[in-house]
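To be precise, the following lines are start.txt, and they hold compact mmCIF, C-alpha atoms.
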# COMPACT_ATOMS: atom_id res chain seq x y z
CA MET A 19 248.03 -67.86 122.25
CA SER A 20 244.65 -68.12 123.95
CA THR A 21 241.57 -66.58 122.41
CA PRO A 22 240.10 -63.77 124.56
CA THR A 23 236.61 -64.35 125.92
CA PRO A 24 233.68 -62.16 124.79
CA ALA A 25 233.56 -60.59 128.27
CA ALA A 26 237.23 -59.67 128.04
CA VAL A 27 236.70 -58.17 124.59
CA ARG A 28 233.77 -56.07 125.83
CA LYS A 29 235.84 -54.87 128.79
CA GLU A 30 238.72 -53.89 126.52
CA VAL A 31 236.41 -52.06 124.12
CA ALA A 32 234.76 -50.19 127.01
CA ALA A 33 238.14 -49.20 128.43
CA HIS A 34 239.26 -47.95 125.03
CA GLY A 35 236.03 -45.96 124.66
CA GLU A 36 236.55 -44.32 128.05
CA GLN A 37 240.12 -43.42 127.09
CA VAL A 38 238.95 -41.86 123.81
CA ASP A 39 236.22 -39.89 125.62
CA ALA A 40 238.79 -38.64 128.15
CA GLU A 41 241.16 -37.56 125.37
CA ARG A 42 238.35 -35.76 123.52
CA GLU A 43 237.26 -33.98 126.70
CA ALA A 44 240.83 -32.88 127.40
CA GLU A 45 240.95 -31.30 123.94
CA GLN A 46 237.81 -29.23 124.55
CA SER A 47 237.89 -25.61 125.63
CA LEU A 48 237.63 -24.83 129.33
CA ALA A 49 234.09 -23.47 128.87
CA ARG A 50 232.95 -26.79 127.36
CA ARG A 51 234.82 -29.02 129.80
CA CYS A 52 233.41 -27.19 132.81
CA ARG A 53 229.84 -26.84 131.53
CA PRO A 54 227.38 -27.58 134.38
CA ARG A 55 225.40 -30.81 134.28
CA THR A 56 223.03 -30.15 137.18
CA PHE A 57 220.89 -27.24 138.33
CA THR A 58 223.02 -26.90 141.47
CA GLN A 59 226.10 -26.25 139.32
CA CYS A 60 224.36 -23.44 137.40
CA ALA A 61 225.62 -20.60 139.59
CA GLY A 62 223.93 -17.22 139.48
CA GLN A 63 220.60 -18.35 137.97
CA ASP A 64 218.84 -19.54 141.12
CA LEU A 65 215.30 -18.49 140.14
CA ALA A 66 215.45 -20.21 136.75
CA ALA A 67 217.03 -23.33 138.26
CA THR A 68 214.44 -23.57 141.05
CA MET A 69 211.49 -23.25 138.67
CA LEU A 70 212.81 -25.76 136.14
CA ARG A 71 213.82 -28.23 138.86
CA ARG A 72 210.27 -28.23 140.20
CA VAL A 73 208.83 -28.68 136.72
CA ALA A 74 211.15 -31.63 136.10
CA ALA A 75 210.28 -33.17 139.46
CA ASN A 76 206.59 -33.16 138.53
CA ARG A 77 207.33 -34.61 135.06
CA ALA A 78 204.72 -32.25 133.64
CA PRO A 79 206.56 -29.62 131.58
CA HIS A 80 204.88 -26.97 129.48
CA HIS A 81 205.25 -27.66 125.77
CA ALA A 82 207.37 -24.56 125.05
CA TYR A 83 209.77 -22.34 126.99
CA MET A 84 211.63 -19.18 126.03
CA PHE A 85 214.99 -18.67 127.77
CA VAL A 86 215.81 -14.95 127.58
CA GLY A 87 219.01 -13.22 128.68
CA PRO A 88 222.39 -11.76 127.68
CA ARG A 89 225.04 -13.82 125.93
CA GLY A 90 227.10 -16.18 128.04
CA THR A 91 224.66 -16.39 130.96
CA GLY A 92 223.97 -20.13 130.57
CA LYS A 93 220.75 -20.35 128.56
CA THR A 94 221.80 -23.26 126.34
CA THR A 95 223.54 -24.96 129.25
CA MET A 96 220.39 -24.70 131.37
CA ALA A 97 218.36 -26.08 128.46
CA ARG A 98 220.58 -29.16 128.39
CA VAL A 99 220.33 -29.57 132.16
CA PHE A 100 216.53 -29.27 131.93
CA ALA A 101 216.45 -31.90 129.18
CA ALA A 102 218.58 -34.17 131.35
CA ALA A 103 216.32 -33.58 134.35
CA LEU A 104 213.26 -34.59 132.32
CA ASN A 105 214.86 -37.80 131.01
CA CYS A 106 217.43 -38.84 133.64
CA PRO A 107 216.42 -42.22 135.16
CA GLU A 108 218.39 -41.38 138.31
CA SER A 109 217.01 -37.86 138.85
CA ASP A 110 216.23 -36.89 142.42
CA ALA A 111 213.46 -34.33 142.99
CA GLY A 112 214.05 -32.89 139.54
CA GLU A 113 217.85 -32.77 139.85
CA PRO A 114 219.63 -34.82 137.16
CA CYS A 115 222.43 -37.06 138.39
CA GLY A 116 224.84 -35.73 135.76
CA ALA A 117 226.67 -39.06 135.51
CA CYS A 118 224.35 -41.69 133.99
CA SER A 119 224.44 -42.65 130.32
CA THR A 120 221.52 -40.31 129.54
CA CYS A 121 223.16 -37.31 131.22
CA GLU A 122 226.48 -38.14 129.56
CA ALA A 123 224.88 -38.37 126.12
CA ILE A 124 223.03 -35.07 126.54
CA ALA A 125 226.19 -33.35 127.80
CA HIS A 126 228.13 -34.54 124.74
CA GLY A 127 225.30 -33.77 122.30
CA SER A 128 224.78 -37.40 121.25
CA ASP A 129 221.37 -38.13 122.78
CA ILE A 130 218.86 -38.69 119.98
CA ASP A 131 215.98 -37.47 122.14
CA VAL A 132 217.57 -34.01 122.51
CA VAL A 133 217.81 -32.06 119.26
CA GLU A 134 219.83 -28.84 119.22
CA ILE A 135 219.47 -26.42 116.32
CA ASP A 136 221.42 -23.24 115.65
CA ALA A 137 218.67 -20.95 114.39
CA ALA A 138 221.25 -18.43 113.17
CA SER A 139 222.32 -20.80 110.39
CA HIS A 140 219.07 -22.78 110.02
CA ASN A 141 216.54 -19.96 109.85
CA LYS A 142 214.67 -20.57 106.60
CA VAL A 143 211.21 -21.98 105.95
CA GLU A 144 212.70 -25.26 104.75
CA ASP A 145 214.59 -25.66 108.03
CA ALA A 146 211.43 -25.01 110.05
CA ARG A 147 209.47 -27.57 108.03
CA ASP A 148 212.25 -30.12 108.48
CA LEU A 149 212.14 -29.56 112.24
CA ALA A 150 208.34 -29.87 112.29
CA SER A 151 208.59 -33.21 110.51
CA LYS A 152 210.90 -34.56 113.23
CA VAL A 153 208.63 -33.55 116.10
CA GLY A 154 206.18 -36.34 115.42
CA LEU A 155 208.73 -39.03 116.27
CA ALA A 156 208.36 -40.55 119.73
CA ALA A 157 211.13 -40.46 122.32
CA VAL A 158 213.47 -43.46 122.09
CA GLY A 159 215.31 -43.71 125.39
CA GLY A 160 213.73 -41.05 127.59
CA ARG A 161 210.29 -39.74 128.49
CA PHE A 162 210.49 -36.56 126.42
CA ARG A 163 211.91 -35.31 123.15
CA VAL A 164 213.46 -31.90 123.73
CA PHE A 165 214.10 -29.43 120.89
CA ILE A 166 216.55 -26.62 121.72
CA LEU A 167 216.60 -23.66 119.31
CA ASP A 168 219.63 -21.48 120.00
CA GLU A 169 219.58 -17.85 118.78
CA ALA A 170 215.85 -18.31 118.18
CA HIS A 171 215.36 -14.64 117.26
CA MET A 172 217.26 -15.31 114.02
CA LEU A 173 214.39 -17.31 112.52
CA THR A 174 212.54 -15.48 109.76
CA THR A 175 208.86 -14.62 110.14
CA GLN A 176 208.04 -17.17 107.46
CA ALA A 177 209.96 -19.86 109.36
CA TRP A 178 208.09 -19.01 112.57
CA ASN A 179 204.79 -19.26 110.76
CA ALA A 180 205.78 -22.70 109.50
CA LEU A 181 206.48 -23.75 113.11
CA LEU A 182 203.53 -22.03 114.73
CA LYS A 183 201.08 -24.93 114.59
CA THR A 184 203.71 -27.33 115.91
CA LEU A 185 204.53 -24.99 118.80
CA GLU A 186 200.86 -24.54 119.61
CA GLU A 187 199.90 -28.22 119.58
CA PRO A 188 203.04 -30.39 119.67
CA PRO A 189 202.76 -34.15 120.07
CA ALA A 190 202.66 -35.47 123.62
CA GLY A 191 206.14 -35.81 125.09
CA SER A 192 207.64 -32.96 123.07
CA VAL A 193 209.22 -29.89 124.68
CA PHE A 194 210.55 -26.83 122.85
CA ILE A 195 213.16 -24.51 124.38
CA LEU A 196 213.84 -21.26 122.52
CA ALA A 197 217.04 -19.55 123.68
CA THR A 198 217.44 -15.92 122.68
CA THR A 199 219.27 -12.73 123.56
CA GLU A 200 216.64 -10.58 121.84
CA ALA A 201 213.14 -11.62 122.78
CA GLY A 202 211.73 -8.52 121.08
CA LYS A 203 212.60 -10.03 117.69
CA VAL A 204 210.52 -13.16 118.30
CA ILE A 205 207.03 -12.72 116.87
CA ALA A 206 204.33 -12.15 119.49
CA THR A 207 202.27 -15.19 118.49
CA VAL A 208 205.23 -17.44 119.32
CA GLU A 209 206.12 -15.65 122.55
CA ASP A 210 202.52 -16.01 123.75
CA ARG A 211 202.78 -19.80 123.47
CA CYS A 212 205.93 -20.02 125.62
CA HIS A 213 206.65 -19.86 129.32
CA ARG A 214 209.35 -17.23 129.71
CA VAL A 215 212.44 -17.90 131.84
CA ASN A 216 214.69 -14.89 132.44
CA PHE A 217 218.47 -15.14 132.79
CA THR A 218 220.50 -12.32 134.33
CA ARG A 219 224.17 -11.43 134.34
CA PRO A 220 225.82 -12.93 137.42
CA ALA A 221 227.33 -10.53 139.94
CA THR A 222 231.10 -10.08 139.81
CA GLY A 223 231.40 -11.84 143.18
CA THR A 224 229.42 -14.86 141.99
CA LEU A 225 231.50 -15.12 138.83
CA SER A 226 234.70 -14.71 140.83
CA ILE A 227 233.80 -17.63 143.10
CA LYS A 228 232.99 -19.81 140.09
CA LEU A 229 236.33 -18.95 138.49
CA GLN A 230 238.12 -19.90 141.70
CA GLU A 231 236.35 -23.28 141.84
CA ILE A 232 237.26 -24.07 138.24
CA ALA A 233 240.85 -22.85 138.67
CA LEU A 234 241.32 -25.21 141.62
CA THR A 235 239.82 -28.11 139.66
CA GLU A 236 242.06 -27.41 136.67
CA GLY A 237 245.23 -26.89 138.72
CA ILE A 238 245.47 -23.20 137.80
CA HIS A 239 247.11 -21.06 140.49
CA LEU A 240 245.15 -17.81 140.50
CA ALA A 241 245.84 -14.88 142.82
CA GLU A 242 242.88 -12.95 144.19
CA ASP A 243 243.61 -9.77 142.26
CA ALA A 244 243.86 -11.72 138.98
CA ARG A 245 240.63 -13.59 139.68
CA LEU A 246 238.78 -10.33 140.34
CA LEU A 247 240.26 -8.75 137.21
CA ILE A 248 239.05 -11.68 135.08
CA ALA A 249 235.61 -11.57 136.72
CA ARG A 250 235.24 -7.87 135.89
CA TYR A 251 236.62 -8.42 132.39
CA ALA A 252 233.93 -11.08 131.80
CA GLN A 253 231.18 -8.44 132.17
CA GLY A 254 228.66 -10.95 133.50
CA SER A 255 229.36 -13.69 130.95
CA TYR A 256 230.44 -17.13 132.16
CA ARG A 257 231.66 -18.05 128.70
CA ARG A 258 233.76 -14.88 128.39
CA GLY A 259 235.14 -15.40 131.90
CA LEU A 260 236.19 -19.00 131.29
CA GLY A 261 237.68 -18.07 127.93
CA ALA A 262 239.69 -15.33 129.65
CA LEU A 263 240.85 -17.74 132.37
CA GLU A 264 242.02 -20.21 129.75
CA GLN A 265 243.81 -17.46 127.84
CA VAL A 266 245.60 -16.24 130.96
CA ALA A 267 246.55 -19.76 132.05
CA ALA A 268 248.13 -20.42 128.65
CA LEU A 269 250.58 -17.57 129.26
CA ALA A 270 251.66 -18.76 132.71
CA GLU A 271 254.55 -21.12 133.38
CA PRO A 272 253.73 -24.49 134.99
CA GLY A 273 253.02 -23.93 138.67
CA GLN A 274 253.24 -20.14 138.34
CA VAL A 275 250.83 -18.06 140.42
CA ILE A 276 248.91 -15.82 138.04
CA ASP A 277 248.68 -12.27 139.36
CA ALA A 278 246.83 -9.21 138.08
CA THR A 279 249.86 -8.00 136.10
CA LEU A 280 250.07 -11.22 134.09
CA ALA A 281 246.29 -11.38 133.64
CA SER A 282 246.22 -7.76 132.49
CA ARG A 283 248.87 -8.40 129.84
CA ALA A 284 247.21 -11.58 128.62
CA LEU A 285 243.81 -9.93 128.22
CA GLY A 286 244.89 -6.46 127.18
CA ALA A 287 242.87 -5.02 130.06
CA ALA A 288 243.95 -2.52 132.67
CA ASP A 289 244.02 -3.78 136.23
CA ALA A 290 242.48 -1.81 139.09
CA ARG A 291 245.82 -0.32 140.16
CA LEU A 292 246.51 1.21 136.74
CA SER A 293 243.02 2.73 136.55
CA ALA A 294 243.38 4.11 140.08
CA ALA A 295 246.83 5.58 139.40
CA LEU A 296 245.69 7.15 136.13
CA PHE A 297 242.61 8.65 137.78
CA ALA A 298 244.76 10.16 140.54
CA ALA A 299 247.15 11.63 137.99
CA ILE A 300 244.30 13.15 135.97
CA VAL A 301 242.41 14.78 138.85
CA GLY A 302 245.71 15.95 140.38
CA ALA A 303 246.86 17.43 137.06
CA HIS A 304 250.07 15.39 137.24
CA HIS A 305 250.51 15.36 133.50
CA THR A 306 253.97 13.80 133.40
CA ASP A 307 252.80 10.90 135.56
CA ALA A 308 249.70 10.40 133.42
CA LEU A 309 251.74 10.25 130.19
CA ALA A 310 254.23 7.83 131.78
CA LEU A 311 251.42 5.52 132.93
CA ILE A 312 249.87 5.53 129.46
CA ALA A 313 253.21 4.90 127.75
CA GLN A 314 253.98 1.94 130.02
CA ALA A 315 250.49 0.47 129.64
CA VAL A 316 250.66 0.67 125.84
CA ALA A 317 254.15 -0.84 125.90
CA ASP A 318 252.74 -3.73 127.93
CA GLY A 319 250.24 -4.42 125.14
CA LEU A 320 247.12 -2.73 126.51
CA GLU A 321 244.77 -1.14 124.00
CA PRO A 322 244.09 2.58 124.62
CA SER A 323 240.35 2.00 124.18
CA ALA A 324 240.43 -0.72 126.84
CA ILE A 325 242.31 1.63 129.19
CA LEU A 326 239.61 4.25 128.67
CA ARG A 327 236.79 1.81 129.44
CA ASP A 328 238.52 0.50 132.57
CA LEU A 329 239.16 4.07 133.68
CA GLU A 330 235.47 4.80 133.09
CA ARG A 331 234.54 1.88 135.36
CA HIS A 332 236.88 3.20 138.08
CA CYS A 333 235.34 6.67 137.82
CA ARG A 334 231.86 5.19 138.18
CA GLU A 335 232.92 3.33 141.30
CA VAL A 336 234.56 6.43 142.80
CA LEU A 337 231.34 8.35 142.10
CA ILE A 338 229.27 5.68 143.85
CA CYS A 339 231.56 5.67 146.88
CA THR A 340 231.59 9.47 147.03
CA THR A 341 227.80 9.55 146.88
CA VAL A 342 227.07 6.87 149.51
CA GLY A 343 230.05 7.69 151.71
CA ALA A 344 231.48 4.14 151.73
CA VAL A 345 232.59 1.29 149.48
CA PRO A 346 229.47 -0.87 149.00
CA ASP A 347 229.74 -4.66 149.05
CA SER A 348 228.54 -4.78 145.45
CA LEU A 349 231.98 -3.50 144.38
CA VAL A 350 234.01 -6.68 144.64
CA TYR A 351 237.69 -5.93 145.20
CA SER A 352 240.56 -7.14 147.34
CA ALA A 353 241.03 -5.40 150.71
CA GLU A 354 243.94 -3.36 149.30
CA GLN A 355 241.94 -2.20 146.31
CA ARG A 356 238.91 -1.33 148.46
CA ASP A 357 241.11 0.85 150.67
CA LEU A 358 242.49 2.61 147.60
CA LEU A 359 239.00 3.19 146.22
CA ALA A 360 237.83 4.58 149.56
CA ALA A 361 240.81 6.94 149.69
CA HIS A 362 240.02 8.28 146.21
CA ALA A 363 236.37 8.78 147.12
CA GLN A 364 237.33 10.80 150.19
CA ALA A 365 239.86 12.95 148.31
CA VAL A 366 237.58 14.18 145.53
CA THR A 367 234.11 15.56 144.98
CA ALA A 368 231.50 13.98 142.72
CA GLN A 369 232.40 16.50 140.02
CA HIS A 370 235.84 14.95 139.53
CA PRO A 371 234.74 11.46 138.39
CA ILE A 372 231.84 13.00 136.45
CA GLY A 373 234.26 15.29 134.64
CA VAL A 374 236.59 12.43 133.71
CA ILE A 375 233.64 10.32 132.54
CA ASP A 376 232.58 13.18 130.24
CA ARG A 377 236.09 13.28 128.78
CA ILE A 378 236.14 9.53 128.28
CA ALA A 379 232.79 9.65 126.47
CA ALA A 380 234.14 12.33 124.13
CA ALA A 381 237.32 10.31 123.52
CA LEU A 382 235.39 7.13 122.71
CA ARG A 383 233.15 9.03 120.29
CA ALA A 384 236.20 10.43 118.54
CA ILE A 385 237.78 6.97 118.33
CA SER A 386 234.54 5.61 116.89
CA ASP A 387 234.75 8.33 114.21
CA GLY A 388 238.26 7.23 113.27
CA ALA A 389 240.53 9.27 115.55
CA ASP A 390 243.76 7.74 116.89
CA ALA A 391 242.99 5.91 120.13
CA ARG A 392 246.23 6.68 121.96
CA THR A 393 246.03 10.37 121.09
CA GLN A 394 242.48 10.53 122.43
CA LEU A 395 243.54 8.77 125.63
CA GLU A 396 246.36 11.26 126.16
CA VAL A 397 244.12 14.24 125.42
CA CYS A 398 241.61 12.85 127.91
CA ALA A 399 244.34 12.62 130.55
CA LEU A 400 245.80 16.09 129.88
CA ASN A 401 242.62 18.11 129.27
CA PRO A 402 242.19 20.46 132.27
CA PHE A 403 238.88 20.51 134.12
CA GLY A 404 236.49 23.07 132.73
CA ALA A 405 237.99 22.94 129.23
CA THR A 406 235.78 22.03 126.33
CA ARG A 407 236.66 19.66 123.52
Kindly return the structure encoded in the file as structure tokens.
Amino acid sequence: MSTPTPAAVRKEVAAHGEQVDAEREAEQSLARRCRPRTFTQCAGQDLAATMLRRVAANRAPHHAYMFVGPRGTGKTTMARVFAAALNCPESDAGEPCGACSTCEAIAHGSDIDVVEIDAASHNKVEDARDLASKVGLAAVGGRFRVFILDEAHMLTTQAWNALLKTLEEPPAGSVFILATTEAGKVIATVEDRCHRVNFTRPATGTLSIKLQEIALTEGIHLAEDARLLIARYAQGSYRRGLGALEQVAALAEPGQVIDATLASRALGAADARLSAALFAAIVGAHHTDALALIAQAVADGLEPSAILRDLERHCREVLICTTVGAVPDSLVYSAEQRDLLAAHAQAVTAQHPIGVIDRIAAALRAISDGADARTQLEVCALNPFGATR
């Protein structure tokens, strides 16, 4: 038997490494597998992406940034992309290539020049001092060392004070990124030293398009009504939306087209047709129909509280349509659902959705105080207009 050459050994080792990486990636959640690696892929955060791309193109970043926005809007992801843009040897006008060894290492959390810290679990003075001691080390493979502090508002005041001098005058080539959902909890002296970058919840339409792109890539057959249901269920969070898509796909048979009925059962959320039918039964005082709809929805696994919140959303949309006299483009629905919403808006006055919203608010308060959720949903559906609770 011949002895393999060193080149052949290296090739075999590289092939094995690629196979292991592929297997590990396949085991990751959908949200991690589909995490953007370039600014262009960060949908719905155009202002933040444009600013950071220009900063990276000039290779002259500020020493500290604060990424502020709701959960699941891509703050940590954007921080990684920014770190890649600063250090990627193949970057073009501030856009990282997303495929070189540097971008790959940052995406997988193995780049030694990019340090990520969960401030929720490392929020003490000792943790801050340990971080400050690492800042003095020079970058190894890239131009900058980037320190990403997730949930930065969780640091104690004492920990912030221990970091303050480092944040104010960090060594050359060091960049801090503080990601937080609650900027008001970050002490003012720290906030003053950071450039603030705001992240907003993506519109339902933007999130819906992103879900469609990922579904196609993953071989998930997603009907339009299911995609829109998941986008609304996500409530402006990419992470929640991708988690919901993965959950729904796990319930479907291979090759099955996922519709709104299947998605609704998987997520325990009412689809638009149920909310519309229940609203019509309530305002029309069709009590038998309302009880039948509730009974079927609960039998299908939907939580009464979720039905109430989806009904509340439908009432809000009917109120908007009644007020403006049309279905605005901001309400992203299929053509069939838009026609149904328009019909409801024409058939009622503004007082009808307002009245149902008042009932829903009372029901949710009662549930919060310990009342039975299904009972409160049924009382909400049967309570005649003008009655007090």
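Here the question is which of A:Ser293, A:Ala221, A:Gly237, A:Leu229 gets nearest to A:Ser348 using all atoms listed in the file, and that residue is A:Ala221.
The shortest atom-to-atom distance to A:Arg55, with all atoms listed in the file taken into account, belongs to A:Ala125 out of A:Leu269, A:Ala125, A:Ala111, A:Val397.
Minimum distance to A:Leu196 across A:Val73, A:Ala97, A:Leu285, A:Ile130 (counting all atoms listed in the file) occurs at A:Ala97.
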Completion exercise
Nearest to A:Glu144, restricted to only C-alpha atoms and choosing among A:Leu382, A:Val158, A:Leu173, A:Ala281, comes out as A:Leu173
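Each of A:Ala138, A:Ala295, A:Val301, A:Ala157 was checked against A:Ala197 using all atoms listed in the file; the smallest atom-to-atom distance is that of A:Ala138.
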Completion exercise
Residue with the minimum atom-to-atom distance to A:Ala146, picked from A:Ser323, A:Ser128, A:Thr174, A:Thr235 with all atoms listed in the file counted, is A:Thr174
Who sits within 6 Å of stretch 206-216 of chain A, all atoms listed in the file, same chain under 6 positions skipped, as a PDB file with C-alpha atoms, in the coordinates of the input:
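Here's the written file around-v2.pdb:
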ATOM      1  CA  ALA A  82     207.370 -24.560 125.050  1.00  0.00           C
ATOM      2  CA  TYR A  83     209.770 -22.340 126.990  1.00  0.00           C
ATOM      3  CA  MET A  84     211.630 -19.180 126.030  1.00  0.00           C
ATOM      4  CA  PHE A  85     214.990 -18.670 127.770  1.00  0.00           C
ATOM      5  CA  VAL A  86     215.810 -14.950 127.580  1.00  0.00           C
ATOM      6  CA  GLY A  87     219.010 -13.220 128.680  1.00  0.00           C
TER       7      GLY A  87
END
Exercise for the section: Could you give me, as an NGL selection string, the residues within 7 Å of stretch 185-193 of chain A, counting all atoms listed in the file and dropping anything in the same chain fewer than 3 positions from it? Expected result: :A and (81-82 or 154 or 161-165 or 181-182 or 211)
Exercise for the section: Provide the atom CA of A:His239 to atom CA of A:Val275 distance in Å, to one decimal place. Expected result: 4.8 Å
Exercise for the section: Could you pull out every residue with an atom within 10 Å of (246.1, -11.0, 134.0), file coordinates, counting all atoms listed in the file, and send them as a PyMOL selection string? Expected result: chain A and resi 240-241+243-248+251+262-263+265-267+269-270+276-289
